[in-house]
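Trainee: Dumping the structure here so I can ask a few things about it.
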Amino acid sequence: MENPPNSEVRSAIQTENQHESLLSYPAETLIQLFTATLEKFSYPELFAVLVSPETPLISTIIRTAIKSKQNAEPFRLSLEQAERRTVILLNNRRKKFARRTWKTQPLFALEVIRQKYPHYTEEILTADLILVKPRKRREKFVKRTSEFGLRICQIRKLSGIMKLSDPESPKYYKCCNQIAGYMQGLKNRSPISLQVNYSGESFQYDFPWNSRESDIKAFIAITKKVGSFKELDEQWSSYHSSGK
């Protein structure tokens, strides 16, 4: 439950809401005033405060009030949030001024900046000149169907196994021989042959040398589901017609 407005807020509500009266209230009272009766203020009254001499904190509160009024939203801003936004705003202004000054007068930049910011140091100047790019968010990994040829995919997988294997082990030599076979097939562009057996009958299916790994795996999966060459041919034709 929101706290009722204090006496300063009540007195401000009862006035004609001139911008001079708004400037006379502290930031916390101004926040309470806008929270309670933002709809009673017109745009000219709010903009009149912006063009008048005011502190950056008051400017932040007024700009938030204008934005809330434009979006037809209730005014929601605490004093801590206003102070934090003001600090960020002032830091950005200082950085932009420092960068502009350095770009036009690099030799005397520090002296020129100190005329506006007396406590400005070389360390602050160095930090202000560094452009920090926002870190890009990594896209969530989504497993996709491999578009590489079967032999290339197998070579990559075997290479990873070799890195983790003992060079003197039989597993290491087996991977070497398999990689050599795949490399030879790529060099000669030899077709990829698969032998299929059903009911004592055997038939060899040849695929293009650069067939995708996903297609070969799909074919092998179909051979395990069906029990005859006729069903295999029908399922394989259906797979291709589906555009996979």
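By convention here, the chains of the structure tokens are called A, B, ... in the order presented, each chain's residues are numbered starting at 1, and ligands are numbered starting at 1 in the order presented.
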Quick one: residues within 12 Å of Ile66 of chain A, only C-alpha atoms counted, chain neighbours fewer than 2 positions away excluded, as a short mmCIF file (atom, residue, chain, number, x, y, z; two decimals) with N, CA, C and O atoms, in the first residue's frame?
Mentor:
```cif
data_model
loop_
_atom_site.label_atom_id
_atom_site.label_comp_id
_atom_site.auth_asym_id
_atom_site.auth_seq_id
_atom_site.Cartn_x
_atom_site.Cartn_y
_atom_site.Cartn_z
N PHE A 34 4.33 13.27 -8.38
CA PHE A 34 4.02 12.66 -9.67
C PHE A 34 3.36 11.30 -9.49
O PHE A 34 2.51 10.90 -10.30
N LEU A 38 0.08 12.56 -11.40
CA LEU A 38 0.77 12.90 -12.64
C LEU A 38 -0.21 13.40 -13.70
O LEU A 38 0.12 14.28 -14.50
N GLU A 39 -1.43 12.84 -13.72
CA GLU A 39 -2.39 13.21 -14.76
C GLU A 39 -2.81 14.67 -14.68
O GLU A 39 -3.34 15.23 -15.66
N PHE A 41 -0.86 17.21 -14.44
CA PHE A 41 0.16 18.08 -15.02
C PHE A 41 0.08 18.02 -16.54
O PHE A 41 -0.07 16.94 -17.12
N SER A 42 0.19 19.15 -17.17
CA SER A 42 0.16 19.22 -18.63
C SER A 42 1.58 19.14 -19.17
O SER A 42 2.56 19.37 -18.45
N TYR A 43 1.69 18.85 -20.47
CA TYR A 43 3.01 18.79 -21.08
C TYR A 43 3.75 20.13 -21.03
O TYR A 43 4.95 20.16 -20.75
N PRO A 44 3.08 21.26 -21.29
CA PRO A 44 3.80 22.54 -21.18
C PRO A 44 4.39 22.78 -19.80
O PRO A 44 5.49 23.32 -19.68
N GLU A 45 3.67 22.37 -18.75
CA GLU A 45 4.19 22.56 -17.39
C GLU A 45 5.43 21.71 -17.16
O GLU A 45 6.40 22.17 -16.54
N LEU A 46 5.41 20.48 -17.66
CA LEU A 46 6.56 19.60 -17.46
C LEU A 46 7.76 20.05 -18.29
O LEU A 46 8.89 20.07 -17.80
N PHE A 47 7.51 20.41 -19.54
CA PHE A 47 8.63 20.85 -20.39
C PHE A 47 9.20 22.18 -19.93
O PHE A 47 10.37 22.47 -20.16
N ALA A 48 8.37 23.00 -19.29
CA ALA A 48 8.87 24.28 -18.78
C ALA A 48 9.92 24.08 -17.71
O ALA A 48 10.85 24.88 -17.57
N VAL A 49 9.81 22.99 -16.96
CA VAL A 49 10.81 22.69 -15.94
C VAL A 49 12.12 22.27 -16.59
O VAL A 49 13.21 22.59 -16.11
N LEU A 50 12.03 21.56 -17.71
CA LEU A 50 13.25 21.09 -18.38
C LEU A 50 14.07 22.25 -18.93
O LEU A 50 15.30 22.20 -18.91
N SER A 59 15.93 16.80 -13.50
CA SER A 59 15.73 16.56 -14.93
C SER A 59 15.38 15.10 -15.20
O SER A 59 14.50 14.79 -16.01
N THR A 60 16.05 14.18 -14.50
CA THR A 60 15.75 12.76 -14.67
C THR A 60 14.32 12.45 -14.25
O THR A 60 13.60 11.70 -14.93
N ILE A 61 13.87 13.03 -13.15
CA ILE A 61 12.51 12.78 -12.66
C ILE A 61 11.49 13.34 -13.65
O ILE A 61 10.48 12.69 -13.96
N ILE A 62 11.74 14.55 -14.15
CA ILE A 62 10.79 15.17 -15.09
C ILE A 62 10.71 14.36 -16.38
O ILE A 62 9.62 14.13 -16.93
N ARG A 63 11.85 13.92 -16.89
CA ARG A 63 11.84 13.14 -18.14
C ARG A 63 11.10 11.82 -17.96
O ARG A 63 10.40 11.36 -18.86
N THR A 64 11.26 11.20 -16.80
CA THR A 64 10.52 9.97 -16.53
C THR A 64 9.02 10.24 -16.46
O THR A 64 8.21 9.44 -16.94
N SER A 68 6.22 8.59 -18.90
CA SER A 68 5.06 7.87 -18.34
C SER A 68 3.76 8.45 -18.86
O SER A 68 2.81 7.72 -19.16
N LYS A 69 3.71 9.77 -18.97
CA LYS A 69 2.50 10.42 -19.47
C LYS A 69 2.27 10.10 -20.94
O LYS A 69 1.14 9.87 -21.37
N GLN A 70 3.34 10.06 -21.73
CA GLN A 70 3.22 9.73 -23.15
C GLN A 70 2.72 8.30 -23.35
O GLN A 70 1.93 8.04 -24.26
N ASN A 71 3.19 7.38 -22.52
CA ASN A 71 2.80 5.97 -22.65
C ASN A 71 1.54 5.63 -21.88
O ASN A 71 1.14 4.46 -21.84
N ALA A 72 0.93 6.65 -21.26
CA ALA A 72 -0.29 6.44 -20.46
C ALA A 72 -0.06 5.38 -19.38
O ALA A 72 -0.90 4.51 -19.15
N GLU A 73 1.09 5.48 -18.74
CA GLU A 73 1.45 4.53 -17.68
C GLU A 73 1.58 5.28 -16.36
O GLU A 73 1.89 6.48 -16.34
N PRO A 74 1.35 4.59 -15.25
CA PRO A 74 1.55 5.24 -13.95
C PRO A 74 3.02 5.57 -13.72
O PRO A 74 3.91 4.87 -14.22
N PHE A 75 3.26 6.61 -12.98
CA PHE A 75 4.63 7.03 -12.69
C PHE A 75 5.23 6.10 -11.64
O PHE A 75 4.73 6.01 -10.52
N ARG A 76 6.28 5.40 -12.02
CA ARG A 76 6.95 4.48 -11.10
C ARG A 76 8.44 4.79 -11.10
O ARG A 76 9.15 4.46 -12.04
#
```
Trainee: Skip Leu110 of chain A itself and residues of its chain fewer than 6 positions away, then list as number ranges by chain all residues within 9 Å of it, counting only C-alpha atoms.
Mentor: A: 98, 101-102, 120-122, 125
Trainee: I'd like to know which residues of segment 37-219 of chain A are helix (DSSP H, G or I) (by DSSP, run on the backbone); could you write them as a VMD selection string?
Mentor: chain A and resid 37 to 40 43 to 51 56 to 70 79 to 104 109 to 116 122 to 129 150 to 163 170 to 188 213 to 219
Trainee: Using only C-alpha atoms, determine which residues lie at most 12 Å from Cys153 of chain A, disregarding the query and same-chain residues fewer than 6 positions distant; provide the list as a ChimeraX atom specification.
Mentor: /A:145-147,159-160,179,182-183,186,210-214,216-217
Trainee: Which residue, A:Leu164, A:Leu150, A:Ala36, A:Cys176, has the smallest gap to Ala218 of chain A when you use only C-alpha atoms?
Mentor: A:Leu150
Trainee: Which value, in Å to one decimal, gives the distance between atom CA of Gly185 of chain A and atom CA of Asp206 of chain A?
Mentor: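 So the answer is 13.1 Å.
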Trainee: Could you check the closest approach to Trp236 of chain A for each of A:Ser78, A:Ile222, A:Leu107, A:Thr35 and tell me which residue wins, using only C-alpha atoms?
Mentor: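 Of all the options, A:Ile222 lies closest to Trp236 of chain A.
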Trainee: Skipping near chain neighbours, those fewer than 6 positions away, what residues fall within 9 Å of Ser228 of chain A using only C-alpha atoms, listed as a list of chain:residue names?
Mentor: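 So, after excluding close chain neighbours, the residues are A:Asn197, A:Tyr198, A:Ser199.
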Trainee: For the selection just defined, write its residues with N, CA and C atoms to a file, as a PDB file, in the first residue's frame.
Mentor:
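The file below, out_13.pdb, is the result:
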```pdb
ATOM      1  N   ASN A 197      20.985 -57.086 -46.524  1.00  0.00           N
ATOM      2  CA  ASN A 197      20.623 -58.504 -46.579  1.00  0.00           C
ATOM      3  C   ASN A 197      19.208 -58.700 -46.035  1.00  0.00           C
ATOM      4  N   TYR A 198      18.375 -59.420 -46.813  1.00  0.00           N
ATOM      5  CA  TYR A 198      17.030 -59.791 -46.377  1.00  0.00           C
ATOM      6  C   TYR A 198      16.753 -61.226 -46.821  1.00  0.00           C
ATOM      7  N   SER A 199      16.394 -62.066 -45.887  1.00  0.00           N
ATOM      8  CA  SER A 199      15.981 -63.451 -46.183  1.00  0.00           C
ATOM      9  C   SER A 199      17.006 -64.181 -47.037  1.00  0.00           C
TER      10      SER A 199
END
```
Trainee: Figure out the distance between atom CA of Tyr205 of chain A and atom CA of Ser238 of chain A, please, to one decimal in Å.
Mentor: 16.7 Å
Trainee: Using only C-alpha atoms for the distances, tell me which of A:Pro191, A:Gly200, A:Pro56, A:Pro170 is nearest to Leu89 of chain A.
Mentor: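 Residue with the minimum atom-to-atom distance to Leu89 of chain A: A:Pro56.
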